[in-house]
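Shown here: my_file_24.txt, compact mmCIF, C-alpha atoms and all ligand atoms.
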```
# COMPACT_ATOMS: atom_id res chain seq x y z
CA MET K 12 6.97 -5.07 -18.57
CA ARG K 13 5.57 -2.21 -16.60
CA SER K 14 3.97 0.30 -18.93
CA LYS K 15 5.01 3.15 -16.69
CA MET K 16 8.62 2.59 -17.53
CA LYS K 17 9.57 4.67 -20.52
CA LEU K 18 12.57 3.34 -22.29
CA MET K 19 14.06 6.38 -23.92
CA CYS K 20 15.32 9.45 -22.15
CA ARG K 21 16.40 12.64 -23.74
CA PRO K 22 20.19 12.27 -23.87
CA PRO K 23 20.96 16.04 -23.52
CA LEU K 24 19.89 15.78 -19.90
CA PHE K 25 22.90 13.66 -19.18
CA HIS K 26 25.40 16.06 -20.68
CA LEU K 27 24.37 18.58 -18.06
CA LEU K 28 24.32 16.18 -15.17
CA LEU K 29 27.57 14.42 -14.77
CA CYS K 30 26.88 12.38 -11.74
CA CYS K 31 29.25 9.52 -11.67
CA VAL K 32 29.21 6.72 -11.17
CA THR K 33 29.34 3.06 -10.47
CA GLN K 34 32.73 2.21 -11.91
CA THR K 35 33.21 -1.41 -12.78
CA LEU K 36 34.74 -3.53 -15.46
CA GLY K 37 34.03 -1.74 -18.68
CA VAL K 38 30.56 -0.18 -18.21
CA GLN K 39 29.24 2.55 -15.95
CA ILE K 40 25.83 3.93 -14.99
CA GLN K 41 25.20 7.67 -14.83
CA SER K 42 21.99 8.76 -13.19
CA ASP K 43 19.71 11.63 -12.32
CA PRO K 44 19.37 11.93 -9.36
CA GLU K 45 22.93 11.08 -8.49
CA VAL K 46 23.97 7.65 -7.30
CA SER K 47 25.74 7.38 -3.93
CA THR K 48 29.11 5.69 -3.50
CA GLU K 49 27.20 2.63 -2.22
CA GLY K 50 25.37 2.42 -5.55
CA VAL K 51 22.07 3.70 -4.10
CA ILE K 52 19.83 6.30 -5.77
CA GLN K 53 17.75 8.29 -3.32
CA THR K 54 14.30 9.25 -4.66
CA GLU K 55 10.62 9.71 -3.78
CA VAL K 56 7.25 8.45 -5.01
CA ASN K 57 6.07 10.27 -8.19
CA ARG K 58 9.58 11.48 -9.09
CA THR K 59 11.49 10.40 -12.19
CA VAL K 60 14.78 8.52 -12.24
CA SER K 61 16.89 8.47 -15.41
CA LEU K 62 19.66 5.96 -15.92
CA LEU K 63 22.29 5.92 -18.66
CA CYS K 64 24.63 3.02 -19.28
CA LEU K 65 27.80 3.56 -21.32
CA PRO K 66 31.30 2.15 -21.66
CA ASP K 67 33.86 3.35 -19.15
CA ARG K 68 36.03 6.17 -20.31
CA GLY K 69 39.32 4.67 -21.47
CA SER K 70 38.02 1.13 -21.33
CA GLU K 71 38.63 -1.36 -24.08
CA THR K 72 34.91 -1.71 -24.74
CA PRO K 73 34.06 -0.83 -28.35
CA ALA K 74 31.72 2.15 -28.79
CA ASP K 75 29.03 0.10 -30.52
CA GLU K 76 28.82 -2.69 -27.95
CA GLU K 77 25.30 -3.96 -27.44
CA LEU K 78 24.01 -3.36 -23.90
CA VAL K 79 21.33 -5.12 -21.82
CA TRP K 80 19.33 -3.70 -18.89
CA LEU K 81 17.88 -5.83 -16.09
CA ARG K 82 15.41 -4.81 -13.38
CA ASN K 83 15.76 -7.21 -10.45
CA GLY K 84 17.24 -9.75 -12.84
CA ALA K 85 14.47 -9.48 -15.47
CA VAL K 86 15.38 -8.11 -18.89
CA VAL K 87 14.03 -4.64 -19.66
CA SER K 88 12.88 -4.44 -23.28
CA LEU K 89 14.68 -1.62 -25.04
CA MET K 90 13.77 0.15 -28.24
CA GLU K 91 15.90 -0.18 -31.34
CA GLY K 92 18.61 2.46 -31.25
CA ASN K 93 18.76 2.38 -27.46
CA ARG K 94 20.99 -0.67 -27.19
CA LYS K 95 24.27 0.07 -28.92
CA GLY K 96 27.07 2.07 -27.31
CA ARG K 97 24.86 3.82 -24.74
CA SER K 98 21.48 2.89 -23.40
CA SER K 99 19.06 4.81 -21.22
CA VAL K 100 16.12 3.86 -19.01
CA CYS K 101 13.61 6.20 -17.39
CA ILE K 102 11.49 5.19 -14.43
CA SER K 103 8.56 7.61 -14.30
CA PRO K 104 6.71 7.95 -12.09
CA ILE K 105 8.49 6.18 -9.27
CA ILE K 106 6.07 3.93 -7.35
CA HIS K 107 6.30 2.22 -3.93
CA GLU K 108 7.28 -1.08 -5.57
CA ASP K 109 10.42 0.50 -7.01
CA ASN K 110 11.86 0.67 -3.51
CA GLY K 111 14.82 -1.70 -3.36
CA ALA K 112 14.71 -2.43 -7.09
CA THR K 113 18.13 -3.05 -8.62
CA PHE K 114 18.90 -1.97 -12.17
CA THR K 115 21.84 -3.69 -13.83
CA CYS K 116 23.43 -2.91 -17.16
CA HIS K 117 25.74 -5.42 -18.81
CA LEU K 118 27.36 -6.13 -22.16
CA SER K 119 25.19 -8.32 -24.32
CA ARG K 120 28.09 -10.62 -25.17
CA ASN K 121 29.56 -10.83 -21.65
CA ALA K 122 27.23 -10.55 -18.65
CA THR K 123 30.16 -10.27 -16.23
CA VAL K 124 30.94 -6.81 -17.58
CA LYS K 125 28.26 -4.94 -15.66
CA ALA K 126 27.24 -2.11 -13.33
CA SER K 127 24.29 -1.88 -10.91
CA VAL K 128 22.31 0.70 -8.98
CA THR K 129 19.58 0.22 -6.35
CA LEU K 130 16.67 2.59 -5.73
CA ASN K 131 15.79 3.80 -2.25
CA VAL K 132 12.28 5.23 -2.56
CA THR K 133 11.19 7.22 0.48
CA TYR K 134 7.46 7.70 1.16
CA HIS K 135 5.32 8.73 4.07
CA PRO K 136 1.80 7.61 5.00
CA GLN K 137 -1.53 9.36 4.43
CA LEU K 138 -1.99 10.03 8.11
CA SER K 139 -3.77 13.28 8.97
CA GLY K 140 -7.15 14.87 9.55
CA SER K 141 -10.17 13.85 11.52
CA GLU K 142 -12.92 11.28 11.00
CA GLU K 143 -16.39 10.94 12.56
CA VAL K 144 -17.18 7.33 13.50
CA THR K 145 -20.61 6.15 14.62
CA VAL K 146 -20.89 2.70 16.11
CA GLU K 147 -23.78 0.79 17.67
CA ASP K 148 -23.77 -0.40 21.25
CA GLU K 149 -22.34 -3.95 21.57
CA SER K 150 -20.87 -4.01 18.07
CA VAL K 151 -17.23 -4.05 16.89
CA LEU K 152 -15.18 -0.86 16.81
CA ALA K 153 -12.07 -0.89 14.61
CA LEU K 154 -10.00 2.24 14.03
CA ARG K 155 -7.25 2.12 11.41
CA CYS K 156 -4.23 4.31 10.76
CA ASP K 157 -2.03 4.13 7.69
CA ILE K 158 1.59 3.89 8.83
CA TRP K 159 3.31 2.51 5.71
CA ALA K 160 6.49 4.48 5.17
CA ASN K 161 10.13 4.24 4.12
CA PRO K 162 12.12 4.54 6.30
CA PRO K 163 9.63 2.60 8.45
CA VAL K 164 7.65 3.92 11.39
CA SER K 165 9.49 3.90 14.71
CA SER K 166 6.50 4.10 17.07
CA VAL K 167 2.69 4.31 17.14
CA SER K 168 0.56 5.36 20.09
CA TRP K 169 -3.22 5.57 20.64
CA THR K 170 -4.98 7.97 23.00
CA LEU K 171 -8.60 8.32 24.15
CA ASN K 172 -9.69 11.74 25.37
CA GLY K 173 -6.05 12.75 25.58
CA SER K 174 -4.65 9.91 27.69
CA ALA K 175 -3.13 6.61 26.60
CA VAL K 176 -5.80 4.04 25.72
CA ASP K 177 -6.28 1.58 28.59
CA LEU K 178 -6.18 -1.67 26.62
CA LEU K 179 -7.31 -3.86 29.51
CA ALA K 180 -10.18 -1.68 30.74
CA GLY K 181 -11.54 -1.12 27.24
CA GLY K 182 -11.00 -4.69 26.01
CA PHE K 183 -8.85 -3.31 23.20
CA THR K 184 -6.29 -5.02 21.04
CA VAL K 185 -3.74 -3.15 18.94
CA THR K 186 -2.29 -4.68 15.79
CA ASN K 187 0.49 -3.40 13.58
CA ASP K 188 1.52 -5.13 10.35
CA GLY K 189 3.80 -2.35 9.12
CA PHE K 190 1.07 -1.01 6.80
CA THR K 191 -1.75 -0.27 9.25
CA SER K 192 -2.08 0.16 12.99
CA GLN K 193 -5.50 -0.99 14.23
CA LEU K 194 -7.27 -0.43 17.53
CA ILE K 195 -10.08 -2.96 17.92
CA THR K 196 -12.67 -3.76 20.56
CA ASN K 197 -15.31 -6.42 20.04
CA SER K 198 -18.25 -5.13 22.07
CA VAL K 199 -18.70 -1.39 22.35
CA GLU K 200 -20.07 0.18 25.51
CA LYS K 201 -20.98 3.89 25.51
CA SER K 202 -19.47 4.69 28.93
CA LEU K 203 -16.18 2.97 28.09
CA HIS K 204 -15.66 3.66 24.42
CA GLU K 205 -17.23 6.96 23.37
CA GLY K 206 -14.82 9.84 22.97
CA THR K 207 -12.02 11.28 20.86
CA TYR K 208 -9.30 8.86 19.76
CA GLN K 209 -5.99 9.80 18.23
CA CYS K 210 -3.27 7.68 16.69
CA THR K 211 0.17 9.23 16.54
CA ALA K 212 3.00 7.72 14.55
CA ASN K 213 6.65 8.73 14.62
CA PHE K 214 8.83 8.42 11.55
CA PRO K 215 12.64 8.72 11.34
CA VAL K 216 12.66 11.30 8.52
CA PHE K 217 9.11 12.65 8.32
CA GLY K 218 8.55 13.25 12.03
CA GLU K 219 5.21 12.92 13.78
CA HIS K 220 1.91 12.35 11.95
CA SER K 221 -1.47 11.77 13.55
CA LYS K 222 -5.16 11.25 12.87
CA ILE K 223 -8.23 11.88 15.04
CA PHE K 224 -11.39 9.73 15.31
CA LYS K 225 -14.51 11.14 16.97
CA VAL K 226 -16.42 8.05 18.07
CA THR K 227 -20.12 8.21 18.93
CA VAL K 228 -21.88 5.15 20.36
CA THR K 229 -25.57 4.87 19.45
CA GLU K 230 -28.32 2.65 20.87
CA LYS K 231 -28.58 -0.79 19.43
CA THR K 232 -31.22 -1.12 16.73
CA MET K 233 -32.83 -4.49 16.10
CA LYS K 234 -31.18 -5.74 12.91
CA PHE K 235 -34.10 -8.14 12.24
CA PRO K 236 -37.52 -7.63 13.85
CA LEU K 237 -37.65 -11.13 15.32
CA LEU K 238 -40.74 -10.97 17.57
CA PRO K 239 -43.18 -9.50 15.03
CA PHE K 240 -41.82 -12.01 12.52
CA ILE K 241 -42.52 -14.99 14.83
CA ALA K 242 -46.02 -13.67 15.60
CA GLY K 243 -46.68 -13.38 11.87
CA VAL K 244 -45.51 -16.93 11.20
CA VAL K 245 -47.75 -18.27 13.97
CA VAL K 246 -50.82 -16.48 12.57
CA VAL K 247 -50.17 -17.81 9.06
CA CYS K 248 -49.77 -21.38 10.37
CA LEU K 249 -52.92 -21.29 12.47
CA THR K 250 -55.00 -19.93 9.58
CA THR K 251 -53.74 -22.66 7.26
CA LEU K 252 -54.39 -25.32 9.84
CA LEU K 253 -57.95 -24.12 10.41
CA ALA K 254 -58.57 -23.99 6.68
CA VAL K 255 -57.36 -27.57 6.26
CA VAL K 256 -59.41 -28.79 9.22
CA SER K 257 -62.63 -27.22 7.92
CA ARG K 258 -61.87 -28.50 4.41
CA TRP K 259 -61.26 -31.99 5.83
CA SER K 260 -64.64 -32.06 7.53
CA LYS K 261 -66.23 -31.25 4.15
CA ILE K 262 -64.19 -33.91 2.37
CA MET K 263 -64.99 -36.47 5.02
CA LYS K 264 -68.65 -35.68 4.63
CA CYS K 265 -68.78 -36.43 0.91
CA CYS K 266 -66.70 -39.59 1.28
CA LYS K 267 -69.14 -41.07 3.69
C1 LIG K 301 1.47 10.83 -6.68
O1 LIG K 301 0.65 11.25 -7.74
C2 LIG K 301 -0.70 10.82 -7.63
C3 LIG K 301 -1.43 11.21 -8.90
O2 LIG K 301 -1.10 12.50 -9.30
C4 LIG K 301 -1.32 11.42 -6.38
O3 LIG K 301 -2.66 10.98 -6.25
C5 LIG K 301 -0.53 10.99 -5.17
O4 LIG K 301 -1.04 11.61 -4.02
C6 LIG K 301 0.94 11.36 -5.34
N1 LIG K 301 1.68 10.78 -4.23
C7 LIG K 301 2.62 11.44 -3.58
C8 LIG K 301 3.25 10.72 -2.44
O5 LIG K 301 2.95 12.57 -3.87
C1 LIG K 302 34.05 -11.43 -19.83
O1 LIG K 302 34.71 -10.33 -19.25
C2 LIG K 302 35.59 -10.67 -18.20
C3 LIG K 302 36.12 -9.40 -17.58
O2 LIG K 302 36.58 -8.53 -18.52
C4 LIG K 302 36.72 -11.53 -18.75
O3 LIG K 302 37.59 -11.91 -17.70
C5 LIG K 302 36.09 -12.77 -19.38
O4 LIG K 302 37.12 -13.53 -20.00
C6 LIG K 302 35.07 -12.37 -20.43
N1 LIG K 302 34.37 -13.55 -20.90
C7 LIG K 302 34.18 -13.80 -22.18
C8 LIG K 302 33.44 -15.03 -22.51
O5 LIG K 302 34.55 -13.03 -23.04
C1 LIG K 303 16.87 4.97 2.36
O1 LIG K 303 16.71 6.33 2.65
C2 LIG K 303 16.38 6.60 4.00
C3 LIG K 303 16.09 8.08 4.10
O2 LIG K 303 17.16 8.86 3.74
C4 LIG K 303 17.51 6.12 4.91
O3 LIG K 303 17.16 6.37 6.24
C5 LIG K 303 17.71 4.64 4.68
O4 LIG K 303 18.81 4.18 5.44
C6 LIG K 303 17.99 4.36 3.21
N1 LIG K 303 18.03 2.93 3.01
C7 LIG K 303 18.97 2.37 2.28
C8 LIG K 303 18.86 0.89 2.12
O5 LIG K 303 19.88 3.01 1.77
C1 LIG K 304 -14.43 11.34 26.58
O1 LIG K 304 -14.87 12.69 26.60
C2 LIG K 304 -16.22 12.87 26.20
C3 LIG K 304 -16.52 14.35 26.14
O2 LIG K 304 -16.05 14.99 27.28
C4 LIG K 304 -17.13 12.13 27.18
O3 LIG K 304 -18.48 12.26 26.77
C5 LIG K 304 -16.74 10.65 27.17
O4 LIG K 304 -17.51 9.92 28.12
C6 LIG K 304 -15.26 10.48 27.48
N1 LIG K 304 -14.94 9.07 27.28
C7 LIG K 304 -14.39 8.30 28.22
C8 LIG K 304 -14.15 6.87 27.86
O5 LIG K 304 -14.06 8.73 29.30
```

As C-alpha cells, how would this structure be written, given the file I've shared?
Amino acid sequence: MRSKMKLMCRPPLFHLLLCCVTQTLGVQIQSDPEVSTEGVIQTEVNRTVSLLCLPDRGSETPADEELVWLRNGAVVSLMEGNRKGRSSVCISPIIHEDNGATFTCHLSRNATVKASVTLNVTYHPQLSGSEEVTVEDESVLALRCDIWANPPVSSVSWTLNGSAVDLLAGGFTVTNDGFTSQLITNSVEKSLHEGTYQCTANFPVFGEHSKIFKVTVTEKTMKFPLLPFIAGVVVVCLTTLLAVVSRWSKIMKCCK
C-alpha cells in the first residue's frame, strides 16, 4: 500500500461539493475534482483527489452496507469506521504513476454492485534554461532533453547555432523514448560540433518548451601518460637485469 495515500477524508468537504457522479447499480462515487461523464477525473501532479463512495439515492442498498475500494484491482486497506455506509479515499499528493489508475468501489457482499473512476494526471517536463557543456576533442557528446509529459509530446527539434542540426554532416543520431530526447555524436570535432544547441519540444496543452546547451570543445588531454610509463618500465627492467647479472657473476665465482 502506498504510504502517500491517506485513507480518511474530511466528510464535510463532500457536502459542499456535489459533483456527481458515476451512477451504477446501487453505489456511486462522488469526487473532488469532479468526474466527467466518461468516468475520468482530470488532475495534476501534486494535487489532491478525494473520492467518496456511497449507496445510490433511492437504491435498495442498506445504509450500513460494507464497502470495498480497489486501485487497479488491488484492495485498498481502509480504516475501521471508513467501510460501512460511505467510504472515502484521498490520493495526496498525486504522482505520475497515478495517471490512468482506476479506482473502483463495490459492495463487500456483491462485487458486481460497483462504480469506477479513472484518473487522468497531466504533467509537463522540466525543460527550460541553459547548460554549459565542455567536451574533449574526439570524445562522445550526448545532449539530453526531458520530454515526458501527459498529454505526450507532439514534436521535438534540435538546432545548432540557430539552424536545424545536420545529422549527416555532424554524425549525429537522435533518439526519443518518450521520456528523453537525445542528440548523440561519437567523436567530437571542434569545427563541426562547437556552438549553441537548442532542443525545442511541442506539447498539445503546455505549448512549446526548450532548453539551450552551450557546447565548448577542448583539446584532448592524455588520459594515461603512456610514453613516460613505458620508459619507466624499461628503466626498472634494465636495472633489475643488470643487478641479477652482476649478482650471478659473484655467485658463479663462489661456486667454482
Ligand atoms: C511537486 O512537489 C515537489 C515537492 O514539493 C516539487 O519538488 C515538484 O517540483 C512539484 N512538481 C510539480 C509538477 O509541481
Ligand atoms: C449481485 O447484484 C446483482 C445486481 O444487483 C444481482 O443481479 C445479483 O443477483 C447479486 N448477486 C448476489 C450473489 O447477491
Ligand atoms: C487527459 O487529459 C488531457 C489534457 O486535458 C487530454 O488531452 C487527454 O485526452 C486526456 N486523456 C484521457 C484518457 O482522458
Ligand atoms: C557556432 O557559432 C559559434 C560562435 O559564433 C562558432 O564559434 C562555431 O564555430 C559555430 N559552430 C558551427 C558548427 O558552425

Contacts with ligand LIG 303 (chain K) at most 10 Å, all atoms listed in the file counted, listed as a VMD selection string: chain K and resid 47 49 to 55 110 to 111 129 to 134 161 to 163 215 to 217

Site check for ligand LIG 304 (chain K): residues at most 7 Å away, only C-alpha atoms and all ligand atoms, as a VMD selection string: chain K and resid 171 to 172 202 to 207

Distance query 9 Å from (32.1, -3.7, -25.4) using all atoms listed in the file, result as a PyMOL selection string: chain K and resi 37-38+66+70-78+96+118-121+124

Would you pick out the contacts of region 223-226 of chain K at 8 Å or less, using all atoms listed in the file, so that residues sharing its chain but fewer than 3 positions from it are not included, and give the list as a ChimeraX atom specification? /K:139-146,154,204-210

Cut-off 10 Å, all atoms listed in the file, neighbours of ligand LIG 301 (chain K) as a VMD selection string: chain K and resid 55 to 58 104 to 107 133 to 137

Find the distance between atom O3 of ligand LIG 302 (chain K) and CA of Ala126 (chain K) and write it in Å to one decimal.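 Atom O3 of ligand LIG 302 (chain K) sits 14.9 Å away from CA of Ala126 (chain K).
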
Length of the CA of Thr59 (chain K) to CA of Ser99 (chain K) vector [Å]: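 Distance between the two atoms: 13.0 Å.
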
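Closest approach to Leu178 (chain K) among K:Val151, K:Leu194, K:Cys101, K:Val164 is made by K:Leu194 (distances from all atoms listed in the file).
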
6 Å contact set for Leu81 (chain K), only C-alpha atoms, chain neighbours under 6 positions out, as a list in words: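 Once the adjacent positions are removed, what remains is Val87, Phe114 and Thr115 of chain K.
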
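Going from CA of Val60 (chain K) to CA of Cys116 (chain K) covers 15.2 Å.
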
Contacts of Lys201 (chain K) at 8 Å or less, counting all atoms listed in the file, minus same-chain residues fewer than 4 places along, as a PyMOL selection string? chain K and resi 148+205+227-229

Go ahead and save the picked residues with C-alpha atoms, as a PDB file, in the coordinates of the input.
```pdb
ATOM      1  CA  ASP K 148     -23.770  -0.400  21.250  1.00  0.00           C
ATOM      2  CA  GLU K 205     -17.230   6.960  23.370  1.00  0.00           C
ATOM      3  CA  THR K 227     -20.120   8.210  18.930  1.00  0.00           C
ATOM      4  CA  VAL K 228     -21.880   5.150  20.360  1.00  0.00           C
ATOM      5  CA  THR K 229     -25.570   4.870  19.450  1.00  0.00           C
TER       6      THR K 229
END
```

Considering only C-alpha atoms and all ligand atoms, state which residue in the set K:Leu62, K:Lys125, K:Arg94, K:Ile40 is at the smallest distance from ligand LIG 302 (chain K).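 Distance minimum relative to ligand LIG 302 (chain K) lands on K:Lys125.
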
Nearest residue to His220 (chain K) out of K:Asp67, K:Asp109, K:Glu149, K:Asp157, using only C-alpha atoms?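 Looking at the shortest contact to His220 (chain K), the residue is K:Asp157.
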
Ranking K:Gln193, K:Gly181, K:Thr113, K:Phe214 by minimum distance to Ala160 (chain K) and counting only C-alpha atoms, which one comes first? K:Phe214

Would you mind telling me which residue in K:Asn93, K:Ser150, K:Thr48, K:Asn187 lies nearest to Thr232 (chain K) when using only C-alpha atoms?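 For Thr232 (chain K), the nearest of the given residues is K:Ser150.
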
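Residue nearest Glu45 (chain K), chosen from K:Glu147, K:Ser103, K:Met90, K:Val128 and counting all atoms listed in the file: K:Val128.
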